[in-house]
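Novice: The structure that follows is given in the form of structure tokens.
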Amino acid sequence: MDSSLRTIGVLTSGGDAPGMNACIRAVVRSALNKGLRVMGIRKGYVGLLRGDVMEMHASSVADIIHRGGTVLYTARCPEFFQVEYQDRAAEMCRIFGIDGLVVIGGDGSFRGAQKLSQRGISVVGVPGTIDRDIACSEYTIGFDSAVNIVVDSIARLRDTSASHERCSVVEVMGRNCGELALWSGIATGADAIMIPEDEESQGFDHLVRVIMENRARGKSHNIVIVAEGVGNAQELSKKIHDATGVESRCTILGHIQRGGSPTALDIKHASMMGYLAVEALYSGETNRLICVQNGKYVNIDIDEGLAMKREPSLDIWKANLQISTY
């Protein structure tokens, strides 16, 4: 036990993700069970800089485990790249008596945590992003929920697409990461999945060939899933129509992918990661990330985690090529 640890802070930063509330709940209750105070920081690093901090109790996290979004709110804070704001944030932690901090977010959030660690604040990061773009962790909180939202949305689109014999081009989120497109694509039987990580997957001629070959086999409608990092899905839909003569419609799912109650898988991972983050701080550790590697929870150095290079799941894309075109 770290005898100097009396108060833990917790914040959510960057994009919201289903399951963040379950993680907040686990942090608060795990810390309270160890006799620690817990301070909730609203609006991420922006709130920390402004002193938007409140003490949290068991009742503060009652009935939030199934809620989407984050009760602590979130924000992006580009100012945090500047040294003066990093210094100010560390000082705000000291003003509020925060000895240890749990940061729930993505790569950018972890870089902020890294800077606070360098300024003497004990920090532990927990990966929370629907993009699944954290190189050091096989799983990120919110990903499973987002995939299931996409799968449900495409099931609805398929009905109207089949009725009108259309091609539905569906754009999913993920920034420059294609994981959400890959997983939802193979789960929905998409004709094609277009992702930013692999140039071959963006070949328009190949896409047209797949659509026309599937039509020749008697398929009356098509589903094409496009990761937002690929480019303009609306324009792609028009190009498909011009090249094939098949009526094509574009649907951009947008921020509905972030909303709604988290899945059981997300709640489980979020709860375990929140609990393990408190355990790490309580053991006197700092500059750590709670990750999933080889199916197990691990605790690694933030510097090590941020230095890792993400490998996209191209095996899914290659498998879908075989499954969807024969």
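In the structure tokens, chains take letters A, B, ... by order of appearance, with residues numbered from 1 within each chain and ligands from 1 in the order shown.
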When DSSP works through the backbone of this structure, what residues of segment 34-247 of chain A end up as strand (DSSP E), shown as a VMD selection string?

Specialist: chain A and resid 37 to 41 53 to 56 100 to 105 122 to 127 167 to 172 192 to 194 222 to 227

Novice: For the residues in the current selection, export N, CA and C atoms as a JSON list (two decimals), in the first residue's frame.

Specialist:
[["chain", "number", "residue", "atom", "x", "y", "z"],
["A", 37, "ARG", "N", -10.52, 8.91, -0.42],
["A", 37, "ARG", "CA", -11.46, 9.89, -0.97],
["A", 37, "ARG", "C", -11.38, 9.83, -2.50],
["A", 38, "VAL", "N", -12.48, 10.18, -3.12],
["A", 38, "VAL", "CA", -12.50, 10.20, -4.59],
["A", 38, "VAL", "C", -13.02, 11.54, -5.07],
["A", 39, "MET", "N", -12.28, 12.15, -5.98],
["A", 39, "MET", "CA", -12.68, 13.41, -6.58],
["A", 39, "MET", "C", -12.98, 13.19, -8.06],
["A", 40, "GLY", "N", -14.19, 13.53, -8.47],
["A", 40, "GLY", "CA", -14.56, 13.44, -9.88],
["A", 40, "GLY", "C", -14.23, 14.74, -10.58],
["A", 41, "ILE", "N", -13.54, 14.63, -11.70],
["A", 41, "ILE", "CA", -13.14, 15.81, -12.48],
["A", 41, "ILE", "C", -14.01, 15.87, -13.72],
["A", 53, "VAL", "N", -14.11, 20.29, -10.06],
["A", 53, "VAL", "CA", -13.85, 19.05, -9.33],
["A", 53, "VAL", "C", -14.88, 18.90, -8.20],
["A", 54, "MET", "N", -15.36, 17.69, -8.00],
["A", 54, "MET", "CA", -16.33, 17.44, -6.93],
["A", 54, "MET", "C", -15.99, 16.14, -6.22],
["A", 55, "GLU", "N", -16.30, 16.07, -4.95],
["A", 55, "GLU", "CA", -16.08, 14.81, -4.23],
["A", 55, "GLU", "C", -17.19, 13.83, -4.59],
["A", 56, "MET", "N", -16.82, 12.58, -4.74],
["A", 56, "MET", "CA", -17.77, 11.54, -5.12],
["A", 56, "MET", "C", -17.94, 10.54, -3.99],
["A", 100, "GLY", "N", -3.45, 10.53, -6.66],
["A", 100, "GLY", "CA", -3.43, 9.60, -7.78],
["A", 100, "GLY", "C", -4.59, 9.90, -8.71],
["A", 101, "LEU", "N", -4.39, 9.65, -10.00],
["A", 101, "LEU", "CA", -5.41, 10.02, -10.99],
["A", 101, "LEU", "C", -5.65, 8.86, -11.96],
["A", 102, "VAL", "N", -6.93, 8.53, -12.17],
["A", 102, "VAL", "CA", -7.32, 7.53, -13.18],
["A", 102, "VAL", "C", -7.86, 8.29, -14.39],
["A", 103, "VAL", "N", -7.25, 8.06, -15.54],
["A", 103, "VAL", "CA", -7.63, 8.73, -16.78],
["A", 103, "VAL", "C", -8.25, 7.70, -17.72],
["A", 104, "ILE", "N", -9.51, 7.90, -18.07],
["A", 104, "ILE", "CA", -10.21, 6.99, -18.97],
["A", 104, "ILE", "C", -10.34, 7.68, -20.33],
["A", 105, "GLY", "N", -9.70, 7.12, -21.35],
["A", 105, "GLY", "CA", -9.73, 7.76, -22.67],
["A", 105, "GLY", "C", -8.85, 7.03, -23.65],
["A", 122, "SER", "N", 0.77, 10.64, -9.54],
["A", 122, "SER", "CA", 0.61, 9.22, -9.85],
["A", 122, "SER", "C", -0.59, 9.04, -10.78],
["A", 123, "VAL", "N", -0.39, 8.40, -11.91],
["A", 123, "VAL", "CA", -1.46, 8.27, -12.90],
["A", 123, "VAL", "C", -1.57, 6.83, -13.40],
["A", 124, "VAL", "N", -2.79, 6.42, -13.70],
["A", 124, "VAL", "CA", -3.06, 5.14, -14.36],
["A", 124, "VAL", "C", -4.11, 5.39, -15.43],
["A", 125, "GLY", "N", -3.86, 4.92, -16.64],
["A", 125, "GLY", "CA", -4.80, 5.10, -17.74],
["A", 125, "GLY", "C", -5.62, 3.85, -18.00],
["A", 126, "VAL", "N", -6.84, 4.06, -18.45],
["A", 126, "VAL", "CA", -7.75, 2.97, -18.84],
["A", 126, "VAL", "C", -8.23, 3.27, -20.26],
["A", 127, "PRO", "N", -8.08, 2.34, -21.22],
["A", 127, "PRO", "CA", -8.46, 2.60, -22.61],
["A", 127, "PRO", "C", -9.97, 2.63, -22.82],
["A", 167, "CYS", "N", -27.87, -0.68, -53.47],
["A", 167, "CYS", "CA", -26.59, -0.83, -52.81],
["A", 167, "CYS", "C", -26.55, 0.20, -51.68],
["A", 168, "SER", "N", -26.35, -0.25, -50.47],
["A", 168, "SER", "CA", -26.26, 0.66, -49.33],
["A", 168, "SER", "C", -24.80, 0.84, -48.94],
["A", 169, "VAL", "N", -24.36, 2.08, -49.01],
["A", 169, "VAL", "CA", -23.00, 2.43, -48.57],
["A", 169, "VAL", "C", -23.12, 3.01, -47.17],
["A", 170, "VAL", "N", -22.50, 2.35, -46.21],
["A", 170, "VAL", "CA", -22.64, 2.73, -44.81],
["A", 170, "VAL", "C", -21.29, 3.21, -44.27],
["A", 171, "GLU", "N", -21.25, 4.46, -43.84],
["A", 171, "GLU", "CA", -20.02, 4.99, -43.25],
["A", 171, "GLU", "C", -20.08, 4.84, -41.74],
["A", 172, "VAL", "N", -19.02, 4.25, -41.18],
["A", 172, "VAL", "CA", -18.92, 4.08, -39.73],
["A", 172, "VAL", "C", -17.77, 4.93, -39.20],
["A", 192, "ALA", "N", -18.42, -5.64, -49.22],
["A", 192, "ALA", "CA", -17.07, -5.08, -49.22],
["A", 192, "ALA", "C", -16.88, -4.20, -47.99],
["A", 193, "ILE", "N", -15.63, -4.17, -47.52],
["A", 193, "ILE", "CA", -15.24, -3.33, -46.38],
["A", 193, "ILE", "C", -14.08, -2.47, -46.84],
["A", 194, "MET", "N", -14.22, -1.17, -46.71],
["A", 194, "MET", "CA", -13.17, -0.25, -47.15],
["A", 194, "MET", "C", -12.57, 0.44, -45.92],
["A", 222, "ASN", "N", -26.85, -4.90, -52.04],
["A", 222, "ASN", "CA", -25.46, -4.93, -51.58],
["A", 222, "ASN", "C", -25.27, -4.03, -50.38],
["A", 223, "ILE", "N", -24.32, -4.42, -49.53],
["A", 223, "ILE", "CA", -23.91, -3.61, -48.39],
["A", 223, "ILE", "C", -22.41, -3.35, -48.51],
["A", 224, "VAL", "N", -22.04, -2.09, -48.50],
["A", 224, "VAL", "CA", -20.63, -1.70, -48.52],
["A", 224, "VAL", "C", -20.38, -0.86, -47.27],
["A", 225, "ILE", "N", -19.41, -1.29, -46.45],
["A", 225, "ILE", "CA", -19.09, -0.56, -45.22],
["A", 225, "ILE", "C", -17.79, 0.20, -45.42],
["A", 226, "VAL", "N", -17.83, 1.48, -45.11],
["A", 226, "VAL", "CA", -16.69, 2.37, -45.32],
["A", 226, "VAL", "C", -16.28, 3.01, -44.00],
["A", 227, "ALA", "N", -15.01, 2.87, -43.63],
["A", 227, "ALA", "CA", -14.49, 3.57, -42.46],
["A", 227, "ALA", "C", -14.36, 5.05, -42.80]]

Novice: Contacts between segment 15-23 of chain A and segment 218-309 of chain A, please, where a residue of segment 218-309 of chain A counts if it comes within 9 Å (with only C-alpha atoms); show its shortest atom pair and distance in Å to one decimal, rows by chain and ascending number, as a Markdown table.

Specialist:
| residue | atom | partner | partner_atom | distance |
| --- | --- | --- | --- | --- |
| A:Gln257 | CA | A:Ala17 | CA | 8.9 |
| A:Arg258 | CA | A:Ala17 | CA | 5.6 |
| A:Gly259 | CA | A:Pro18 | CA | 6.6 |
| A:Gly260 | CA | A:Pro18 | CA | 7.0 |
| A:Ser261 | CA | A:Pro18 | CA | 6.4 |
| A:Pro262 | CA | A:Pro18 | CA | 4.7 |
| A:Thr263 | CA | A:Gly19 | CA | 7.9 |
| A:Asp266 | CA | A:Gly19 | CA | 5.5 |
| A:Ile267 | CA | A:Gly19 | CA | 5.4 |
| A:Lys268 | CA | A:Ala22 | CA | 8.3 |
| A:His269 | CA | A:Cys23 | CA | 8.3 |
| A:Ala270 | CA | A:Cys23 | CA | 4.5 |
| A:Ser271 | CA | A:Cys23 | CA | 5.0 |
| A:Met272 | CA | A:Cys23 | CA | 7.8 |
| A:Met273 | CA | A:Cys23 | CA | 6.9 |
| A:Gly274 | CA | A:Cys23 | CA | 4.8 |
| A:Tyr275 | CA | A:Cys23 | CA | 7.9 |

Novice: Which neighbours of segment 59-61 of chain A fall inside 8 Å, counting only C-alpha atoms, when residues of the same chain fewer than 3 positions from it are skipped, and could you give them as an MDAnalysis selection string?

Specialist: chainID A and resid 24:25 28 56 64:65

Novice: For the residues in the current selection, export N, CA and C atoms as an mmCIF file, in the first residue's frame.

Specialist:
data_model
loop_
_atom_site.group_PDB
_atom_site.id
_atom_site.type_symbol
_atom_site.label_atom_id
_atom_site.label_comp_id
_atom_site.auth_asym_id
_atom_site.auth_seq_id
_atom_site.Cartn_x
_atom_site.Cartn_y
_atom_site.Cartn_z
ATOM 1 N N ILE A 24 -16.102 4.390 -14.213
ATOM 2 C CA ILE A 24 -16.126 5.405 -13.153
ATOM 3 C C ILE A 24 -16.660 4.795 -11.859
ATOM 4 N N ARG A 25 -17.742 4.052 -11.982
ATOM 5 C CA ARG A 25 -18.353 3.394 -10.814
ATOM 6 C C ARG A 25 -17.366 2.465 -10.127
ATOM 7 N N VAL A 28 -14.651 4.540 -8.278
ATOM 8 C CA VAL A 28 -15.168 5.179 -7.067
ATOM 9 C C VAL A 28 -15.366 4.159 -5.954
ATOM 10 N N MET A 56 -16.817 12.577 -4.744
ATOM 11 C CA MET A 56 -17.775 11.544 -5.119
ATOM 12 C C MET A 56 -17.941 10.535 -3.988
ATOM 13 N N ILE A 64 -25.642 3.951 -12.456
ATOM 14 C CA ILE A 64 -25.044 4.479 -13.695
ATOM 15 C C ILE A 64 -24.390 3.380 -14.527
ATOM 16 N N ILE A 65 -24.340 2.154 -14.013
ATOM 17 C CA ILE A 65 -23.586 1.094 -14.685
ATOM 18 C C ILE A 65 -24.099 0.807 -16.097
#

Novice: What's around Val292 of chain A at 12 Å? Count only C-alpha atoms, leave out sequence neighbours fewer than 6 positions away in its own chain, and write the answer as a PDB file with C-alpha atoms, in the first residue's frame.

Specialist:
ATOM      1  CA  VAL A 126      -7.746   2.969 -18.839  1.00  0.00           C
ATOM      2  CA  PRO A 127      -8.463   2.600 -22.609  1.00  0.00           C
ATOM      3  CA  ARG A 132     -10.260   0.251 -30.746  1.00  0.00           C
ATOM      4  CA  ILE A 134      -4.967   1.715 -28.774  1.00  0.00           C
ATOM      5  CA  ALA A 135      -1.957  -0.278 -29.966  1.00  0.00           C
ATOM      6  CA  CYS A 136      -1.074  -1.759 -26.576  1.00  0.00           C
ATOM      7  CA  SER A 137      -4.529  -3.164 -25.798  1.00  0.00           C
ATOM      8  CA  GLU A 138      -6.590  -5.765 -27.615  1.00  0.00           C
ATOM      9  CA  TYR A 139      -9.737  -4.217 -26.196  1.00  0.00           C
ATOM     10  CA  THR A 140     -11.012  -0.714 -25.529  1.00  0.00           C
ATOM     11  CA  ILE A 141     -14.116   0.188 -23.550  1.00  0.00           C
ATOM     12  CA  HIS A 269     -14.158  -4.922 -19.101  1.00  0.00           C
ATOM     13  CA  ALA A 270     -14.871  -1.419 -17.788  1.00  0.00           C
ATOM     14  CA  MET A 272     -12.410  -4.824 -14.179  1.00  0.00           C
ATOM     15  CA  MET A 273     -10.171  -2.127 -15.632  1.00  0.00           C
ATOM     16  CA  LEU A 276      -7.368  -2.706 -11.477  1.00  0.00           C
ATOM     17  CA  VAL A 298      -2.024  -6.476 -17.798  1.00  0.00           C
ATOM     18  CA  ASN A 299      -0.484  -3.390 -16.287  1.00  0.00           C
ATOM     19  CA  ILE A 300       2.157  -1.744 -18.504  1.00  0.00           C
ATOM     20  CA  GLY A 305       2.243   1.520 -24.482  1.00  0.00           C
TER      21      GLY A 305
END

Novice: Give me every helix (DSSP H, G or I) residue in segment 53-248 of chain A, going by DSSP on the backbone, as a PyMOL selection string.

Specialist: chain A and resi 58-61+78-81+83-95+107-118+143-164+179-188+199-202+204-216+233-244

Novice: So, counting only C-alpha atoms, which residue among A:Ala89, A:Ala264, A:Ala62, A:Leu281 is closest to Ser4 of chain A?

Specialist: A:Leu281

Novice: Calculated over only C-alpha atoms, which of the candidates A:Arg209, A:Lys219, A:Arg111, A:His255 has the smallest distance to Arg288 of chain A?

Specialist: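 Nearest candidate to Arg288 of chain A out of A:Arg209, A:Lys219, A:Arg111, A:His255: A:Arg111.
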
Novice: Taking 5 positions as the minimum chain separation for residues in the same chain, which residues sit within 10 Å of Glu279 of chain A when counting only C-alpha atoms? Answer as JSON, numbers by chain.

Specialist: {"A": [1, 27, 30, 31, 34, 124, 273, 274, 284, 285]}

Novice: For Ala162 of chain A, which residue among A:His221, A:Asn176, A:Gly185, A:Leu253 is the nearest when counting only C-alpha atoms?

Specialist: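 Residue with the minimum atom-to-atom distance to Ala162 of chain A: A:His221.
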
Novice: If we count only C-alpha atoms and set the cut-off at 8 Å, which residues sit around Ser237 of chain A, ignoring sequence neighbours fewer than 2 positions away in its own chain? Please answer as a ChimeraX atom specification.

Specialist: /A:168-169,233-235,239-241,248-250

Novice: Which is closer to Ala216 of chain A than all the others in A:Thr244, A:Thr286, A:Asn232, A:Thr160, using only C-alpha atoms?

Specialist: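 The closest residue to Ala216 of chain A is A:Thr244.
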
Novice: Between A:Gly108, A:Gly229, A:Gly51, A:Gly35, which residue has the minimum interatomic distance to Met173 of chain A, considering only C-alpha atoms?

Specialist: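 Closest candidate: A:Gly229.
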
Novice: With distances taken over only C-alpha atoms, which of A:Lys309, A:Lys296, A:Arg215, A:His164 is nearest to Glu247 of chain A?

Specialist: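 For Glu247 of chain A, the nearest of the given residues is A:His164.
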
Novice: Please measure the separation of atom CA of Glu79 of chain A and atom CA of Arg42 of chain A, giving the value in Å to one decimal.

Specialist: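 Distance between the two atoms: 16.5 Å.
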